[in-house]
Amino acid sequence: MIVVVGLSHRSAPVEVRERLAVAPADLAQRLADLKQRTRAGEMVMLCTCNRVEVIAAIEPGGTQTPGELGASIVDALEAVAPKVRPHLYVRDDRAGIEHLFRVASSLDSLVVGEPQILGQLKNAFSCARDVHAVGPWLNRAFEHAFRVAKRVRSETALGAGQVSIPTVAVDLAREIFSELAGHKVVLVGTGEMATLVATLLGKAGAQVFVVGRTLDRAREVAQKLGAEPKSWEDFPSLLALADIVVSSTSAPGYVVTLEQLAQTRRQRHGRNLFLVDLAVPRDVDPRIADLDGVFLYNVDNLSQVADTALADRWREAEKAAAIVSEETESFLRRTHAERITPTLVALRERFRTTLEAELEHSLRGQRVALEPAQKESLQKALGSAVEKVLHAPTERLREWAKDDNFGDWHTDLLVSAVEELFQLREQAAAAPRKNERAKP
Amino acid sequence: MRGILWVSFILSAASYMAACLLFLTQARRRSAVHLGLLWAPRLLEIGAVLQFIYLILFAVMDRRCPVYSLHSALGIVSLVGVASYAVLSRGRHLEALGGFVAASAAVFLVTARSLAADTPVPDQRWLMAIHITSNLLGGGILLVAGCASAFYLVNEHRLKSRRVLGQGPKLPPLESLDAVVHRLLWIGLPLLTIGLLTGRMVIKHADVITVGEKFRAMLSGASWLLLMAVLVLRQAASWRGRRPAYATLGGALGILIVIALYVARALWGEGL
């Protein structure tokens with residue numbers, strides 16, 4: 001049984017989220033403390049800038065209910081960060097599993113479809129495994145969550161398109177130039193967004209030049225970007241070399257004019273030019289867009305592309321939600337069926353040992369001494385008889401456990417009834433422990 | 001042997017169609033990694049290998065050189081197109097173009113199957129062999145160049161208009177397409193030149209020249225001129241972008257019409 005307790009950008013403002021946030025270096029210690037304080041069997045703690053969540057499972061054979069475990073986690077978090085309680089949500093059973101799958105698939109993210117959350121979830125799981133806080137329940141749930149996220153990525157376009165202006169600009173540059181390595185980028189001005197675009201282009205392998213009104217300011221920005229500073233006088237010659245120009249100055253007039261670009265066309269040898277104008281008022285003469293091989297985008301054009309991509313993602317989110325729902329059902333069905341397995345193992349063992357004991361007793365009474373081969377053959381026959389007798393009830397019990405119309409209580413009732421009827425309590429208690437040790 | 005021939009034909013067509021579907025699915029998704037990216041080029045290559053086997057078997061059973069059979073000739077054109085794409089597309093994100101190449105290969109393969117293979121063997125066998133082979137190879141390569149130019153124009157329009165961005169399939173990057181077209185022209189045009197020169201020699205010795213043959217020769221010459229102009233202007237005056245793409249597309253369309261006329265002649269008579 002899995003319980004999720006946490007807060008996210010949906011339930012808490014940043015002032016609250018930051019009070020619960022944990023630095024990556026302290027995560028293992030915080031996890032160990034919480035696990036000990038709440039007596040949870042298994043626990044993973046996810047901490048990102050948009051959410052802090054504790055995903056826990058009840059200790060096998062423990063008497064804690066999911067509600068009690070959830071309440072103890074809430075208390076523990078409240079102790080860490082007072083007055084956080086009203087912002088916390090608690091989800092258990094189906095809702096808990098579905099929430100975990102939604103988070104992994106990036107359906108619950110601030111920017112739906114962003115890919116970082118899956119990596120963050122994997123890191124959180126890995127950290128918990130390192131401190132031995134993960135057992136069979138969470139192992140199974142997280143492995144399934146990673147598979148769901150992969151399925152959502154491959155079957156929907158949830159992560160497609162770029163949804164921020166800098167990434168849209170880089171994506172467009174790739175549509176023109178394919179690989180950006182070796183291409184020359186000129187950053188004109190030192191606006192924040194333009195600098196971010198240049199940073200991303202630089203990371204993609206482009207060679208970046210920074211042009212500022214003063215060389216000192218250009219040097220300052222260039223140093224941060226790992227770029228080359230250039231003075232304003234160098235700009236016309238740079239324009240002839242450039243593949244991409246990112247402009248964001250506060251100049252009242254055009255910084256890149258049609259005449260200026262026309263003069264460089266012979267030196268450019270027909271190469272494409274991508275102009276990103278992020279300034280208001282605009283830096284680039286809009287008539288330039290009519291030139292062959294020149295692609296001009298201003299801040300409105302880029303926003304429009306980002307908005308379209310975001311709207312597409314929301315459309316895809318519906319498909320992704322359907323996949324998550326389907327996978328939740330599948331996971332719960334399998335989990336319910338697996339919960340009955342130790343009882344079935346114990347039931348078989350009970351039948352087999354009883355029949356063997358009876359046979360031994362009977363043979364001893366009649367003073368019959370069997371050859372080892374005969375004894376082995378008899379045991380095989382007994383084993384086969386047990387299999388045949390128990391086949392139908394086993395299948396029926398598995399089907400009932402998988403039945404969608406019933407919840408956890410139904411599986412629990414079945415397990416209890418079988419254990420009570422055949423006095424399996426001791427064996428059933430021993431079997432799951434053996435089973436759990438075998439799993440990674 | 002007939003069984004193997006049929007199996008290779010069917011499997012080749014199926015591989016091309018599956019590759020086409022995967023390429024287009026991959027192009028439709030704007031996210032980075034998908035199974036299509038891994039399997040589509042493989043299926044295209046498998047289709048090409050199977051088509052090669054099919055063509056060899058067909059030639060053996062037909063007991064004639066493949067270049068004298070229009071059926072085999074069309075197969076060679078599509079095979080050359082697929083091979084050109086396979087070599088030049090590596091690392092260039094040309095999935096949408098791959099879909100088009102795979103679809104064209106399947107169409108050529110299936111169309112060829114319905115054609116009669118009884119083109120008479122001409123008198124000047126060696127000259128004709130060189131003429132047909134170089135035309136087939138050059139034609140196949142230049143048709144792919146035409147496809148790439150069409151993609152260039154569509155993507156350039158998308159990027160210029162700005163309104164449609166972020167929607168529809170992900171088309172190949174402009175510079176990749178430009179580089180591919182340039183290389184294909186360098187490879188295909190010399191072959192087409194040999195084809196035209198040998199064709200001129202064949203016509204010189206022919207007893208009767210039909211109107212259809214004259215028209216085909218003129219169209220081939222015009223296409224050659226257009227494509228040669230693109231190549232020369234690119235080298236001499238850095239001619240790149242929209243205009244050379246239009247010219248390359250025009251040249252490739254001319255070649256496609258010539259091939260279509262050959263097919264029409266095979267279907268409806270010598271007069272064409």
# chains A, B, ... in the order shown; residues from 1 in each chain; ligands from 1
>>> interface_residues(of="chain A", to="chain B", cutoff="10 Å", atoms="only C-alpha atoms", output="PyMOL selection string")
chain A and resi 153-163+168+171-179+266-272+289-297+301-302+304-310+312
>>> write_last_selection(atoms="N, CA and C atoms", output="short mmCIF file (atom, residue, chain, number, x, y, z; two decimals), in the first residue's frame")
data_model
loop_
_atom_site.label_atom_id
_atom_site.label_comp_id
_atom_site.auth_asym_id
_atom_site.auth_seq_id
_atom_site.Cartn_x
_atom_site.Cartn_y
_atom_site.Cartn_z
N ARG A 153 5.96 9.23 -23.30
CA ARG A 153 6.88 9.94 -24.22
C ARG A 153 6.79 9.38 -25.64
N SER A 154 6.71 8.03 -25.72
CA SER A 154 6.76 7.45 -27.06
C SER A 154 5.40 7.43 -27.75
N GLU A 155 4.31 7.43 -26.98
CA GLU A 155 2.99 7.32 -27.62
C GLU A 155 2.26 8.64 -27.76
N THR A 156 2.77 9.68 -27.10
CA THR A 156 2.14 11.00 -27.26
C THR A 156 3.23 12.02 -27.58
N ALA A 157 2.79 13.20 -27.98
CA ALA A 157 3.76 14.28 -28.27
C ALA A 157 3.77 15.27 -27.10
N LEU A 158 3.67 14.71 -25.88
CA LEU A 158 3.58 15.57 -24.69
C LEU A 158 4.83 16.44 -24.52
N GLY A 159 5.98 15.89 -24.87
CA GLY A 159 7.22 16.66 -24.68
C GLY A 159 7.65 17.38 -25.95
N ALA A 160 6.77 17.39 -26.95
CA ALA A 160 7.19 17.96 -28.24
C ALA A 160 7.13 19.49 -28.23
N GLY A 161 7.93 20.09 -29.10
CA GLY A 161 7.92 21.55 -29.24
C GLY A 161 8.57 22.24 -28.06
N GLN A 162 8.92 23.48 -28.26
CA GLN A 162 9.55 24.25 -27.18
C GLN A 162 8.54 25.25 -26.64
N VAL A 163 8.59 25.49 -25.35
CA VAL A 163 7.56 26.34 -24.76
C VAL A 163 8.13 27.59 -24.09
N VAL A 168 12.72 28.12 -27.96
CA VAL A 168 12.10 28.21 -29.29
C VAL A 168 13.13 28.75 -30.27
N ASP A 171 15.58 26.09 -31.13
CA ASP A 171 14.92 25.09 -31.97
C ASP A 171 14.82 25.57 -33.42
N LEU A 172 14.48 26.85 -33.57
CA LEU A 172 14.38 27.43 -34.92
C LEU A 172 15.76 27.45 -35.60
N ALA A 173 16.77 27.78 -34.82
CA ALA A 173 18.13 27.79 -35.38
C ALA A 173 18.49 26.40 -35.89
N ARG A 174 18.04 25.38 -35.17
CA ARG A 174 18.31 24.00 -35.61
C ARG A 174 17.52 23.66 -36.87
N GLU A 175 16.35 24.25 -37.02
CA GLU A 175 15.56 23.98 -38.24
C GLU A 175 16.23 24.60 -39.47
N ILE A 176 17.04 25.61 -39.23
CA ILE A 176 17.74 26.24 -40.36
C ILE A 176 19.11 25.59 -40.57
N PHE A 177 19.86 25.45 -39.45
CA PHE A 177 21.27 25.06 -39.60
C PHE A 177 21.55 23.60 -39.23
N SER A 178 20.59 22.88 -38.76
CA SER A 178 20.78 21.49 -38.30
C SER A 178 21.71 21.49 -37.09
N GLU A 179 22.98 21.19 -37.28
CA GLU A 179 23.92 21.21 -36.16
C GLU A 179 24.42 22.63 -35.98
N ARG A 266 27.33 40.19 -50.43
CA ARG A 266 28.36 39.59 -51.28
C ARG A 266 29.36 38.77 -50.43
N GLN A 267 29.71 39.32 -49.28
CA GLN A 267 30.67 38.62 -48.41
C GLN A 267 30.05 37.38 -47.75
N ARG A 268 28.73 37.37 -47.67
CA ARG A 268 28.07 36.25 -46.99
C ARG A 268 27.97 35.00 -47.86
N HIS A 269 28.24 35.12 -49.15
CA HIS A 269 28.24 33.98 -50.08
C HIS A 269 26.93 33.17 -50.00
N GLY A 270 25.83 33.85 -49.89
CA GLY A 270 24.52 33.19 -49.94
C GLY A 270 24.15 32.39 -48.71
N ARG A 271 24.95 32.51 -47.63
CA ARG A 271 24.62 31.73 -46.41
C ARG A 271 23.35 32.27 -45.77
N ASN A 272 22.61 31.36 -45.12
CA ASN A 272 21.39 31.77 -44.42
C ASN A 272 21.74 32.61 -43.20
N ALA A 289 13.23 40.95 -43.44
CA ALA A 289 12.58 39.63 -43.52
C ALA A 289 12.27 39.22 -44.95
N ASP A 290 12.16 40.20 -45.87
CA ASP A 290 11.82 39.88 -47.26
C ASP A 290 13.03 39.36 -48.04
N LEU A 291 14.22 39.54 -47.51
CA LEU A 291 15.42 39.10 -48.24
C LEU A 291 15.47 37.57 -48.30
N ASP A 292 15.99 37.07 -49.42
CA ASP A 292 16.13 35.63 -49.59
C ASP A 292 17.20 35.10 -48.61
N GLY A 293 16.90 34.04 -47.92
CA GLY A 293 17.88 33.42 -47.02
C GLY A 293 18.00 34.10 -45.67
N VAL A 294 17.10 35.07 -45.39
CA VAL A 294 17.13 35.74 -44.08
C VAL A 294 15.84 35.39 -43.34
N PHE A 295 15.98 34.96 -42.10
CA PHE A 295 14.82 34.56 -41.29
C PHE A 295 14.79 35.45 -40.06
N LEU A 296 13.79 36.30 -39.98
CA LEU A 296 13.71 37.28 -38.89
C LEU A 296 12.55 36.93 -37.95
N TYR A 297 12.86 36.83 -36.70
CA TYR A 297 11.85 36.55 -35.68
C TYR A 297 11.95 37.59 -34.58
N ASN A 301 6.75 36.87 -32.50
CA ASN A 301 6.77 35.63 -33.32
C ASN A 301 7.19 34.44 -32.46
N LEU A 302 8.21 34.65 -31.63
CA LEU A 302 8.71 33.54 -30.80
C LEU A 302 7.67 33.14 -29.75
N GLN A 304 4.52 33.40 -30.04
CA GLN A 304 3.43 32.70 -30.73
C GLN A 304 3.76 31.22 -30.91
N VAL A 305 5.02 30.95 -31.28
CA VAL A 305 5.45 29.55 -31.46
C VAL A 305 5.39 28.81 -30.12
N ALA A 306 5.86 29.49 -29.06
CA ALA A 306 5.85 28.86 -27.73
C ALA A 306 4.43 28.57 -27.28
N ASP A 307 3.52 29.52 -27.52
CA ASP A 307 2.12 29.33 -27.12
C ASP A 307 1.48 28.17 -27.87
N THR A 308 1.80 28.09 -29.17
CA THR A 308 1.23 27.00 -29.98
C THR A 308 1.70 25.65 -29.44
N ALA A 309 2.99 25.58 -29.12
CA ALA A 309 3.55 24.31 -28.60
C ALA A 309 2.90 23.95 -27.27
N LEU A 310 2.69 24.98 -26.44
CA LEU A 310 2.07 24.72 -25.13
C LEU A 310 0.64 24.23 -25.30
N ASP A 312 -0.52 22.65 -27.84
CA ASP A 312 -0.41 21.27 -28.36
C ASP A 312 -0.17 20.30 -27.21
#
>>> select_by_dssp(residues="region 17-235 of chain A", states="alpha helix (DSSP H)", output="JSON, numbers by chain")
{"A": [17, 18, 19, 20, 27, 28, 29, 30, 31, 32, 33, 34, 35, 36, 37, 38, 66, 67, 68, 69, 70, 71, 72, 73, 74, 75, 76, 77, 78, 79, 80, 93, 94, 95, 96, 97, 98, 99, 100, 101, 102, 103, 104, 116, 117, 118, 119, 120, 121, 122, 123, 124, 125, 126, 127, 128, 129, 130, 136, 137, 138, 139, 140, 141, 142, 143, 144, 145, 146, 147, 148, 149, 150, 151, 152, 153, 154, 155, 165, 166, 167, 168, 169, 170, 171, 172, 173, 174, 175, 176, 177, 192, 193, 194, 195, 196, 197, 198, 199, 200, 201, 202, 203, 215, 216, 217, 218, 219, 220, 221, 222, 223, 224, 225, 235]}
>>> residues_around(residues="Ile141 (chain B)", least_positions_apart="2", cutoff="8 Å", atoms="only C-alpha atoms", output="number ranges by chain")
B: 77, 80-81, 84, 137-139, 143-145, 184-185, 187-188
>>> write_last_selection(atoms="N, CA and C atoms", output="compact mmCIF listing (two decimals), in the first residue's frame")
# COMPACT_ATOMS: atom_id res chain seq x y z
N VAL B 77 16.37 2.73 -61.06
CA VAL B 77 16.20 4.15 -60.70
C VAL B 77 15.85 4.27 -59.21
N VAL B 80 18.80 3.30 -56.97
CA VAL B 80 19.82 4.35 -56.92
C VAL B 80 19.36 5.49 -56.00
N GLY B 81 18.09 5.82 -56.10
CA GLY B 81 17.54 6.87 -55.24
C GLY B 81 17.68 6.50 -53.76
N SER B 84 21.36 6.62 -52.71
CA SER B 84 21.83 8.00 -52.55
C SER B 84 21.35 8.55 -51.22
N LEU B 137 21.16 5.83 -63.58
CA LEU B 137 21.85 6.22 -62.34
C LEU B 137 21.68 7.72 -62.11
N GLY B 138 21.97 8.50 -63.14
CA GLY B 138 21.85 9.96 -63.02
C GLY B 138 20.43 10.37 -62.71
N GLY B 139 19.46 9.74 -63.40
CA GLY B 139 18.06 10.07 -63.19
C GLY B 139 17.62 9.80 -61.76
N LEU B 143 16.48 12.71 -59.21
CA LEU B 143 15.10 12.71 -58.68
C LEU B 143 15.11 12.92 -57.17
N VAL B 144 16.09 12.29 -56.49
CA VAL B 144 16.21 12.52 -55.03
C VAL B 144 16.57 13.99 -54.77
N ALA B 145 17.45 14.54 -55.62
CA ALA B 145 17.80 15.97 -55.47
C ALA B 145 16.56 16.84 -55.62
N LEU B 184 24.27 15.74 -54.51
CA LEU B 184 23.56 14.91 -55.49
C LEU B 184 23.74 15.46 -56.90
N LEU B 185 23.73 16.78 -57.02
CA LEU B 185 23.94 17.38 -58.34
C LEU B 185 25.34 17.05 -58.87
N ILE B 187 27.07 14.46 -58.25
CA ILE B 187 27.17 13.04 -58.64
C ILE B 187 26.27 12.75 -59.84
N GLY B 188 25.05 13.28 -59.80
CA GLY B 188 24.05 12.91 -60.82
C GLY B 188 24.27 13.57 -62.16
>>> atom_distance(atom1="CA of Asp108 (chain A)", atom2="CA of Gln64 (chain A)")
28.8 Å
>>> closest_residue(among="B:Met228, B:Ala264, B:Leu88, B:Ala112", to="Val181 (chain B)", atoms="only C-alpha atoms")
B:Leu88
>>> closest_residue(among="B:Ile255, B:Leu44, B:Ala206, B:Ala129", to="Leu225 (chain B)", atoms="only C-alpha atoms")
B:Ile255
>>> atom_distance(atom1="CA of Ser303 (chain A)", atom2="CA of Glu95 (chain B)")
27.1 Å
>>> atom_distance(atom1="CA of Arg348 (chain A)", atom2="CA of His410 (chain A)")
21.6 Å
>>> residues_around(residues="Pro24 (chain A)", least_positions_apart="2", cutoff="10 Å", atoms="only C-alpha atoms", output="PyMOL selection string")
chain A and resi 21-22+26-29+47-48+123-124+127
>>> residues_around(residues="Ser248 (chain A)", least_positions_apart="3", cutoff="6 Å", atoms="only C-alpha atoms", output="ChimeraX atom specification")
/A:189,191,194,278-279
